[in-house]
Amino acid sequence: MGLTSDKTLALAILFAVLLFVGTVWMWPRLARRDWRAVSGRVGLLLATQLVLFACLGIAVNQAFGFYASWADLLGTETDQGVVVDHTAGGPPGSPVQVVSTSEVHGMGGSLPRTAGQIQQVDIVGRTTHIATPAYVYLPPEYFQPQYRTRTFPVVVVLSGYPGTARALVDKLHYPRTEQHLVRAGRMRPTILVMLRPTVAPPRDTECVDVPRGPQTETFFARDLPDAVRAHYRAAGKPGGWGIVGDSTGGYCALKLAMHHPDVYAAGAGLSPSYKAPIDATTGDLFQGDRNLRNRADLWWFLRHEPAPDTSLLVTSSKVGETNYKATLKFIASVEATKLTRISSIILDSGGHNFNTWRREIPATLEWISGRLGGR
C-alpha cells in the first residue's frame with residue numbers, strides 16, 4: 001500500500017485502536033513492580049504513541065502532499081524519470097508522453113469540450129536530459145471546433161519542496177479554479193503545466209543549474225517550454241507564458257521570471273523565499289561558483305543586474321508567515337527598479353499551508369492571466 005493510500009491510513013488507525021484496547025485490557029496484568037511488568041507497560045505505551053504519531057503523520061501528508069511515496073519519505077528515491085512511449089501519447093521520441101487522461105471532477109460532464117481534460121504526462125528535456133512527471137490541464141475551449149486554430153497562453157505551476165504534482169490538482173484545485181474564473185469572465189482559457197520543482201528527487205535543487213549536476217534552471221527556462229510547444233497548441237511568442245509556485249516553487253517562479261523575462265512574462269510567488277538555502281536537502285548547489293550563488297539571490301540580482309521587463313506577484317500574511325517583513329522589503333526593492341512591475345497579496349493572517357494558498361490562488365490566476373499576451 002502506498003504512503004498516500006486511504007487504506008494505509010485506515011490500517012494505521014485500526015492498529016492504534018487495537019493497541020489502545022490491548023493496553024487497557026493488559027494493564028491490570030502488568031500492574032506488578034517486577035522488571036517484566038514495567039517493561040510491558042513501557043512497551044505498550046511506546047507502541048501506542050508511535051502508532052498514533054504515524055496516524056497523524058499519514059493524515060497530514062495526505063492533506064498537504066509532502067511526500068508521494070515511502071521511498072520519497074525515506075530519501076531512497078533515485079529514479080529521475082523515464083519517458084515511456086505510448087501509442088496515443090505522441091510519436092516515439094516526443095518530449096511529452098501522455099500516460100493517462102481524466103476530466104475535472106464536478107465541472108459538468110466527462111467530455112473534454114465541456115469539462116476540459118487533465119493529462120498525466122512524462123516530460124524529458126532535450127538539452128538537460130531531465131525527465132519528470134507532470135500534469136497538464138487543457139481547458140474545454142482547447143477541444144472546441146471554433147478554437148481549433150487557436151494557440152493558448154500557458155501557466156507553469158510549481159509545488160513546494162518536497163511536494164507532489166498531484167497535490168496541485170487535488171489539494172490546491174488549480175484546474176477547477178481556472179474553470180470557475182473563465183466562466184465568470186475573469187480569466188482567459190489557459191493551459192496549466194503542473195509539476196514539482198524537485199526534478200532530481202530527493203534533492204532540492206532550488207531551480208539552480210548545479211555545476212556537474214542537474215541543470216534545473218535550464219530545464220524550466222528552455223526545455224519545458226520547447227517540449228510543451230512541440231506537443232500542444234501553446235503560445236509561441238514572448239508574452240504568452242507565466243509561472244506560479246508556492247514556497248520553494250514560489251522562489252523558483254520569481255527567479256525564473258526575473259532571469260528569463262523573454263520566456264515568462266509574469267511570475268507569482270505564493271509565500272516565497274528570496275534566496276536559495278544551503279542545507280541537507282540541497283547539498284552544495286553552487287560548487288564554489290560565486291556568480292551562480294549571487295544570481296540565485298534575488299536581493300543581489302535586484303541590486304546588480306539590469307531590471308528585467310517582467311511582472312511579479314508576491315504573497316504573504318501579517319500573522320502566520322515568516323516572510324512578511326522580507327516580502328515588504330522585496331516589494332520596495334522591486335519598486336525602486338522602475339522597470340520591473342510588482343503586485344502583492346497580503347492577508348491579515350494565514351500560515352504556510354494549502355489553506356492559505358487556496359485563498360490566494362483565484363486572485364493570482366486572474367492577475368497572471370491579465371498579463372499574458374494573445375496568440
# chains A, B, ... in the order shown; residues from 1 in each chain; ligands from 1
>>> residues_around(residues="segment 292-309 of chain A", least_positions_apart="4", cutoff="10 Å", atoms="only C-alpha atoms", output="JSON, numbers by chain")
{"A": [206, 207, 208, 209, 210, 211, 251, 252, 254, 255, 256, 257, 258, 259, 260, 261, 262, 264, 265, 266, 273, 274, 275, 276, 277, 285, 286, 287, 288, 329, 330, 333, 334, 336, 337, 338, 339, 340, 341]}
>>> write_last_selection(atoms="N, CA and C atoms", output="short mmCIF file (atom, residue, chain, number, x, y, z; two decimals), in the first residue's frame")
data_model
loop_
_atom_site.label_atom_id
_atom_site.label_comp_id
_atom_site.auth_asym_id
_atom_site.auth_seq_id
_atom_site.Cartn_x
_atom_site.Cartn_y
_atom_site.Cartn_z
N GLU A 206 16.43 23.82 -5.94
CA GLU A 206 16.06 25.24 -5.90
C GLU A 206 16.11 25.88 -7.29
N CYS A 207 15.83 25.09 -8.33
CA CYS A 207 15.81 25.58 -9.71
C CYS A 207 17.13 26.24 -10.10
N VAL A 208 18.22 25.63 -9.68
CA VAL A 208 19.57 26.10 -9.98
C VAL A 208 20.21 25.16 -10.99
N ASP A 209 21.01 25.69 -11.90
CA ASP A 209 21.86 24.87 -12.76
C ASP A 209 23.08 24.45 -11.93
N VAL A 210 22.98 23.29 -11.31
CA VAL A 210 24.03 22.84 -10.40
C VAL A 210 25.27 22.42 -11.20
N PRO A 211 26.44 22.98 -10.90
CA PRO A 211 27.65 22.55 -11.62
C PRO A 211 27.86 21.04 -11.50
N TYR A 251 9.68 30.73 -4.92
CA TYR A 251 11.01 31.28 -5.17
C TYR A 251 11.44 30.99 -6.60
N CYS A 252 11.23 29.76 -7.05
CA CYS A 252 11.59 29.38 -8.41
C CYS A 252 10.84 30.24 -9.44
N LEU A 254 9.58 33.29 -9.14
CA LEU A 254 10.12 34.65 -9.18
C LEU A 254 11.47 34.68 -9.89
N LYS A 255 12.33 33.74 -9.54
CA LYS A 255 13.67 33.74 -10.12
C LYS A 255 13.63 33.51 -11.62
N LEU A 256 12.80 32.56 -12.07
CA LEU A 256 12.73 32.28 -13.50
C LEU A 256 12.16 33.46 -14.28
N ALA A 257 11.17 34.14 -13.70
CA ALA A 257 10.62 35.32 -14.38
C ALA A 257 11.64 36.45 -14.43
N MET A 258 12.45 36.58 -13.38
CA MET A 258 13.46 37.63 -13.35
C MET A 258 14.65 37.31 -14.24
N HIS A 259 15.09 36.06 -14.25
CA HIS A 259 16.23 35.67 -15.07
C HIS A 259 15.87 35.52 -16.55
N HIS A 260 14.62 35.18 -16.84
CA HIS A 260 14.23 34.86 -18.21
C HIS A 260 12.93 35.58 -18.59
N PRO A 261 12.95 36.92 -18.60
CA PRO A 261 11.74 37.66 -18.96
C PRO A 261 11.33 37.45 -20.41
N ASP A 262 12.25 36.95 -21.24
CA ASP A 262 11.90 36.64 -22.63
C ASP A 262 11.08 35.37 -22.72
N TYR A 264 9.13 34.08 -19.59
CA TYR A 264 7.99 34.23 -18.68
C TYR A 264 7.67 35.72 -18.51
N ALA A 265 6.51 36.10 -19.02
CA ALA A 265 6.09 37.49 -18.93
C ALA A 265 5.64 37.87 -17.53
N ALA A 266 5.35 36.87 -16.69
CA ALA A 266 4.90 37.14 -15.33
C ALA A 266 5.25 35.96 -14.44
N SER A 273 10.40 32.30 -0.68
CA SER A 273 11.66 32.80 -0.13
C SER A 273 12.31 33.62 -1.24
N TYR A 274 13.39 34.31 -0.91
CA TYR A 274 14.02 35.18 -1.90
C TYR A 274 15.51 34.86 -2.10
N LYS A 275 15.90 33.72 -1.54
CA LYS A 275 17.29 33.29 -1.64
C LYS A 275 17.34 31.78 -1.48
N ALA A 276 18.16 31.12 -2.27
CA ALA A 276 18.26 29.66 -2.19
C ALA A 276 19.00 29.25 -0.92
N PRO A 277 18.43 28.36 -0.12
CA PRO A 277 19.12 27.92 1.09
C PRO A 277 20.19 26.88 0.75
N LEU A 285 24.90 23.58 -3.80
CA LEU A 285 24.28 23.92 -5.08
C LEU A 285 25.24 24.65 -6.02
N PHE A 286 26.21 25.37 -5.48
CA PHE A 286 26.99 26.30 -6.30
C PHE A 286 28.43 25.87 -6.54
N GLN A 287 28.89 24.88 -5.79
CA GLN A 287 30.24 24.33 -6.01
C GLN A 287 31.31 25.42 -6.09
N GLY A 288 31.18 26.41 -5.24
CA GLY A 288 32.18 27.47 -5.20
C GLY A 288 32.02 28.54 -6.27
N LYS A 329 10.09 44.21 2.10
CA LYS A 329 11.39 44.71 1.64
C LYS A 329 11.59 44.41 0.15
N PHE A 330 11.16 43.22 -0.27
CA PHE A 330 11.31 42.84 -1.68
C PHE A 330 10.45 43.75 -2.56
N SER A 333 12.17 46.99 -2.97
CA SER A 333 13.36 46.87 -3.82
C SER A 333 12.97 46.81 -5.29
N VAL A 334 11.88 46.09 -5.61
CA VAL A 334 11.45 46.00 -7.00
C VAL A 334 10.90 47.34 -7.47
N ALA A 336 11.85 50.17 -6.71
CA ALA A 336 12.95 51.09 -6.96
C ALA A 336 13.58 50.89 -8.34
N THR A 337 13.32 49.74 -8.98
CA THR A 337 13.92 49.48 -10.30
C THR A 337 13.22 50.25 -11.41
N LYS A 338 11.98 50.65 -11.21
CA LYS A 338 11.18 51.42 -12.16
C LYS A 338 10.68 50.60 -13.36
N LEU A 339 11.42 49.55 -13.77
CA LEU A 339 11.02 48.79 -14.95
C LEU A 339 10.22 47.53 -14.59
N THR A 340 10.72 46.76 -13.63
CA THR A 340 10.02 45.55 -13.20
C THR A 340 8.76 45.95 -12.45
N ARG A 341 7.65 45.31 -12.78
CA ARG A 341 6.36 45.63 -12.16
C ARG A 341 6.09 44.65 -11.02
#
>>> select_by_dssp(residues="segment 132-360 of chain A", states="helix (DSSP H, G or I)", output="JSON, numbers by chain")
{"A": [140, 141, 142, 143, 145, 146, 147, 165, 166, 167, 168, 169, 170, 174, 175, 176, 177, 178, 179, 180, 181, 182, 183, 216, 217, 218, 219, 220, 221, 222, 223, 224, 225, 226, 227, 228, 229, 230, 231, 248, 249, 250, 251, 252, 253, 254, 255, 256, 257, 258, 259, 290, 291, 292, 293, 294, 295, 298, 299, 300, 301, 302, 303, 304, 324, 325, 326, 327, 328, 329, 330, 331, 332, 333, 334, 335, 354, 355, 356, 357, 358, 359, 360]}
>>> residues_around(residues="Val155 of chain A", least_positions_apart="2", cutoff="7 Å", atoms="only C-alpha atoms", output="list in words")
Pro153, Val157, Ile191, Leu192, Val193, Trp241, Gly242 and Ile243 of chain A
>>> write_last_selection(atoms="N, CA and C atoms", output="PDB file, in the first residue's frame")
ATOM      1  N   PRO A 153      -2.450  30.636 -24.043  1.00  0.00           N
ATOM      2  CA  PRO A 153      -1.402  31.002 -23.082  1.00  0.00           C
ATOM      3  C   PRO A 153      -1.144  29.838 -22.130  1.00  0.00           C
ATOM      4  N   VAL A 157       2.877  25.752 -13.206  1.00  0.00           N
ATOM      5  CA  VAL A 157       2.532  25.793 -11.783  1.00  0.00           C
ATOM      6  C   VAL A 157       3.463  24.840 -11.033  1.00  0.00           C
ATOM      7  N   ILE A 191      -3.657  26.935 -20.701  1.00  0.00           N
ATOM      8  CA  ILE A 191      -3.061  25.628 -20.430  1.00  0.00           C
ATOM      9  C   ILE A 191      -2.257  25.734 -19.135  1.00  0.00           C
ATOM     10  N   LEU A 192      -2.470  24.789 -18.223  1.00  0.00           N
ATOM     11  CA  LEU A 192      -1.691  24.721 -16.987  1.00  0.00           C
ATOM     12  C   LEU A 192      -0.753  23.526 -17.063  1.00  0.00           C
ATOM     13  N   VAL A 193       0.519  23.749 -16.798  1.00  0.00           N
ATOM     14  CA  VAL A 193       1.510  22.668 -16.731  1.00  0.00           C
ATOM     15  C   VAL A 193       1.962  22.584 -15.278  1.00  0.00           C
ATOM     16  N   TRP A 241       3.541  33.245 -21.751  1.00  0.00           N
ATOM     17  CA  TRP A 241       3.826  32.279 -20.692  1.00  0.00           C
ATOM     18  C   TRP A 241       3.991  32.978 -19.350  1.00  0.00           C
ATOM     19  N   GLY A 242       3.436  32.338 -18.301  1.00  0.00           N
ATOM     20  CA  GLY A 242       3.624  32.799 -16.937  1.00  0.00           C
ATOM     21  C   GLY A 242       3.993  31.622 -16.058  1.00  0.00           C
ATOM     22  N   ILE A 243       4.396  31.901 -14.829  1.00  0.00           N
ATOM     23  CA  ILE A 243       4.797  30.840 -13.912  1.00  0.00           C
ATOM     24  C   ILE A 243       4.369  31.201 -12.500  1.00  0.00           C
TER      25      ILE A 243
END
>>> closest_residue(among="A:Asp223, A:Gln144, A:Gly373, A:Val156", to="Lys237 of chain A", atoms="only C-alpha atoms")
A:Gly373
>>> closest_residue(among="A:Leu14, A:Ala363, A:Ala47, A:Ile58", to="Gly2 of chain A", atoms="only C-alpha atoms")
A:Ile58
>>> atom_distance(atom1="atom CA of Gly160 of chain A", atom2="atom CA of Thr248 of chain A")
4.7 Å
>>> atom_distance(atom1="atom CA of Asn355 of chain A", atom2="atom CA of Thr216 of chain A")
28.4 Å
>>> atom_distance(atom1="atom CA of Trp25 of chain A", atom2="atom CA of Ala59 of chain A")
27.4 Å
>>> residues_around(residues="His180 of chain A", least_positions_apart="6", cutoff="12 Å", atoms="only C-alpha atoms", output="PDB file with N, CA and C atoms, in the first residue's frame")
ATOM      1  N   VAL A 104     -11.988  17.083 -15.207  1.00  0.00           N
ATOM      2  CA  VAL A 104     -12.019  17.876 -13.984  1.00  0.00           C
ATOM      3  C   VAL A 104     -13.339  17.574 -13.291  1.00  0.00           C
ATOM      4  N   GLY A 106     -16.669  17.412 -11.229  1.00  0.00           N
ATOM      5  CA  GLY A 106     -17.645  18.385 -10.778  1.00  0.00           C
ATOM      6  C   GLY A 106     -17.798  19.592 -11.671  1.00  0.00           C
ATOM      7  N   MET A 107     -17.300  19.482 -12.923  1.00  0.00           N
ATOM      8  CA  MET A 107     -17.365  20.641 -13.804  1.00  0.00           C
ATOM      9  C   MET A 107     -18.253  20.402 -15.021  1.00  0.00           C
ATOM     10  N   GLY A 108     -19.250  19.543 -14.889  1.00  0.00           N
ATOM     11  CA  GLY A 108     -20.265  19.433 -15.937  1.00  0.00           C
ATOM     12  C   GLY A 108     -19.992  18.423 -17.016  1.00  0.00           C
ATOM     13  N   ALA A 115     -15.779  19.736 -20.055  1.00  0.00           N
ATOM     14  CA  ALA A 115     -15.158  19.690 -18.724  1.00  0.00           C
ATOM     15  C   ALA A 115     -13.652  19.880 -18.759  1.00  0.00           C
ATOM     16  N   PRO A 139      -8.026  23.377 -21.142  1.00  0.00           N
ATOM     17  CA  PRO A 139      -9.379  23.892 -20.893  1.00  0.00           C
ATOM     18  C   PRO A 139     -10.361  23.365 -21.931  1.00  0.00           C
ATOM     19  N   HIS A 173      -6.399  22.656  -6.296  1.00  0.00           N
ATOM     20  CA  HIS A 173      -7.525  22.828  -7.226  1.00  0.00           C
ATOM     21  C   HIS A 173      -7.265  23.857  -8.332  1.00  0.00           C
ATOM     22  N   TYR A 174      -6.078  23.858  -8.891  1.00  0.00           N
ATOM     23  CA  TYR A 174      -5.780  24.820  -9.953  1.00  0.00           C
ATOM     24  C   TYR A 174      -6.709  24.678 -11.157  1.00  0.00           C
ATOM     25  N   ARG A 186     -13.335  36.201 -15.728  1.00  0.00           N
ATOM     26  CA  ARG A 186     -12.220  36.830 -15.024  1.00  0.00           C
ATOM     27  C   ARG A 186     -10.860  36.301 -15.472  1.00  0.00           C
ATOM     28  N   MET A 187     -10.867  35.331 -16.379  1.00  0.00           N
ATOM     29  CA  MET A 187      -9.612  34.740 -16.828  1.00  0.00           C
ATOM     30  C   MET A 187      -9.804  34.159 -18.216  1.00  0.00           C
ATOM     31  N   ARG A 188      -8.756  34.190 -19.031  1.00  0.00           N
ATOM     32  CA  ARG A 188      -8.816  33.584 -20.358  1.00  0.00           C
ATOM     33  C   ARG A 188      -8.512  32.096 -20.259  1.00  0.00           C
ATOM     34  N   PRO A 189      -9.067  31.266 -21.153  1.00  0.00           N
ATOM     35  CA  PRO A 189      -8.715  29.840 -21.165  1.00  0.00           C
ATOM     36  C   PRO A 189      -7.208  29.671 -21.311  1.00  0.00           C
ATOM     37  N   ILE A 361      -4.998  31.721  -4.607  1.00  0.00           N
ATOM     38  CA  ILE A 361      -4.878  31.242  -5.993  1.00  0.00           C
ATOM     39  C   ILE A 361      -5.866  31.918  -6.954  1.00  0.00           C
ATOM     40  N   PRO A 362      -7.160  32.092  -6.609  1.00  0.00           N
ATOM     41  CA  PRO A 362      -8.056  32.734  -7.582  1.00  0.00           C
ATOM     42  C   PRO A 362      -7.562  34.112  -8.027  1.00  0.00           C
ATOM     43  N   ALA A 363      -7.194  34.971  -7.082  1.00  0.00           N
ATOM     44  CA  ALA A 363      -6.708  36.299  -7.441  1.00  0.00           C
ATOM     45  C   ALA A 363      -5.389  36.208  -8.209  1.00  0.00           C
ATOM     46  N   LEU A 365      -4.366  33.712 -10.264  1.00  0.00           N
ATOM     47  CA  LEU A 365      -4.616  33.296 -11.642  1.00  0.00           C
ATOM     48  C   LEU A 365      -5.242  34.430 -12.460  1.00  0.00           C
ATOM     49  N   GLU A 366      -6.145  35.165 -11.845  1.00  0.00           N
ATOM     50  CA  GLU A 366      -6.739  36.302 -12.546  1.00  0.00           C
ATOM     51  C   GLU A 366      -5.669  37.340 -12.874  1.00  0.00           C
TER      52      GLU A 366
END
>>> decode(residues="segment 94-131 of chain A", atoms="N, CA and C atoms", output="short mmCIF file (atom, residue, chain, number, x, y, z; two decimals), in the first residue's frame")
data_model
loop_
_atom_site.label_atom_id
_atom_site.label_comp_id
_atom_site.auth_asym_id
_atom_site.auth_seq_id
_atom_site.Cartn_x
_atom_site.Cartn_y
_atom_site.Cartn_z
N SER A 94 9.05 11.83 -28.75
CA SER A 94 8.44 13.10 -28.40
C SER A 94 8.82 13.48 -26.99
N PRO A 95 9.09 14.78 -26.71
CA PRO A 95 9.48 15.18 -25.36
C PRO A 95 8.35 15.10 -24.35
N VAL A 96 7.11 14.95 -24.83
CA VAL A 96 5.96 14.80 -23.94
C VAL A 96 5.24 13.50 -24.29
N GLN A 97 5.06 12.64 -23.31
CA GLN A 97 4.32 11.40 -23.50
C GLN A 97 3.16 11.36 -22.52
N VAL A 98 1.95 11.17 -23.05
CA VAL A 98 0.75 11.14 -22.22
C VAL A 98 0.58 9.75 -21.62
N VAL A 99 0.50 9.70 -20.29
CA VAL A 99 0.36 8.43 -19.57
C VAL A 99 -1.11 8.09 -19.37
N SER A 100 -1.92 9.09 -18.98
CA SER A 100 -3.35 8.86 -18.75
C SER A 100 -4.07 10.19 -18.84
N THR A 101 -5.40 10.12 -18.95
CA THR A 101 -6.22 11.33 -19.00
C THR A 101 -7.39 11.20 -18.05
N SER A 102 -7.88 12.35 -17.57
CA SER A 102 -9.07 12.38 -16.71
C SER A 102 -9.73 13.73 -16.86
N GLU A 103 -10.99 13.82 -16.44
CA GLU A 103 -11.70 15.08 -16.52
C GLU A 103 -11.57 15.83 -15.19
N VAL A 104 -11.99 17.08 -15.21
CA VAL A 104 -12.02 17.88 -13.98
C VAL A 104 -13.34 17.57 -13.29
N HIS A 105 -13.28 16.93 -12.15
CA HIS A 105 -14.49 16.46 -11.48
C HIS A 105 -15.38 17.62 -11.05
N GLY A 106 -16.67 17.41 -11.23
CA GLY A 106 -17.64 18.39 -10.78
C GLY A 106 -17.80 19.59 -11.67
N MET A 107 -17.30 19.48 -12.92
CA MET A 107 -17.36 20.64 -13.80
C MET A 107 -18.25 20.40 -15.02
N GLY A 108 -19.25 19.54 -14.89
CA GLY A 108 -20.27 19.43 -15.94
C GLY A 108 -19.99 18.42 -17.02
N GLY A 109 -19.83 17.16 -16.62
CA GLY A 109 -19.72 16.11 -17.61
C GLY A 109 -18.31 15.56 -17.74
N SER A 110 -18.17 14.59 -18.64
CA SER A 110 -16.89 13.92 -18.82
C SER A 110 -16.25 14.20 -20.17
N LEU A 111 -16.94 14.93 -21.04
CA LEU A 111 -16.39 15.22 -22.36
C LEU A 111 -15.38 16.36 -22.25
N PRO A 112 -14.22 16.22 -22.91
CA PRO A 112 -13.20 17.27 -22.83
C PRO A 112 -13.71 18.64 -23.27
N ARG A 113 -14.60 18.69 -24.27
CA ARG A 113 -15.05 20.00 -24.76
C ARG A 113 -15.98 20.71 -23.77
N THR A 114 -16.46 20.00 -22.75
CA THR A 114 -17.31 20.64 -21.74
C THR A 114 -16.64 20.71 -20.37
N ALA A 115 -15.78 19.74 -20.05
CA ALA A 115 -15.16 19.69 -18.72
C ALA A 115 -13.65 19.88 -18.76
N GLY A 116 -13.07 20.03 -19.95
CA GLY A 116 -11.62 20.10 -20.02
C GLY A 116 -11.01 18.73 -19.79
N GLN A 117 -9.71 18.68 -19.76
CA GLN A 117 -9.02 17.40 -19.57
C GLN A 117 -7.72 17.61 -18.82
N ILE A 118 -7.44 16.68 -17.91
CA ILE A 118 -6.16 16.66 -17.21
C ILE A 118 -5.36 15.47 -17.74
N GLN A 119 -4.20 15.73 -18.24
CA GLN A 119 -3.33 14.68 -18.78
C GLN A 119 -2.14 14.48 -17.85
N GLN A 120 -1.95 13.24 -17.43
CA GLN A 120 -0.73 12.90 -16.71
C GLN A 120 0.33 12.58 -17.76
N VAL A 121 1.46 13.26 -17.68
CA VAL A 121 2.45 13.15 -18.74
C VAL A 121 3.84 12.92 -18.15
N ASP A 122 4.73 12.43 -19.00
CA ASP A 122 6.16 12.38 -18.71
C ASP A 122 6.83 13.36 -19.66
N ILE A 123 7.68 14.22 -19.13
CA ILE A 123 8.37 15.23 -19.93
C ILE A 123 9.87 15.02 -19.83
N VAL A 124 10.55 15.08 -20.96
CA VAL A 124 12.00 14.96 -20.96
C VAL A 124 12.61 16.18 -21.64
N GLY A 125 13.69 16.69 -21.06
CA GLY A 125 14.36 17.86 -21.61
C GLY A 125 15.35 17.47 -22.70
N ARG A 126 15.24 18.13 -23.83
CA ARG A 126 16.12 17.81 -24.95
C ARG A 126 17.58 18.10 -24.63
N THR A 127 17.85 19.20 -23.95
CA THR A 127 19.23 19.59 -23.71
C THR A 127 19.74 19.16 -22.34
N THR A 128 18.86 19.16 -21.33
CA THR A 128 19.30 18.81 -19.98
C THR A 128 19.15 17.32 -19.69
N HIS A 129 18.31 16.65 -20.50
CA HIS A 129 18.01 15.22 -20.30
C HIS A 129 17.34 14.95 -18.95
N ILE A 130 16.79 16.00 -18.36
CA ILE A 130 15.99 15.82 -17.15
C ILE A 130 14.63 15.28 -17.55
N ALA A 131 14.18 14.23 -16.87
CA ALA A 131 12.86 13.65 -17.12
C ALA A 131 12.04 13.74 -15.85
#
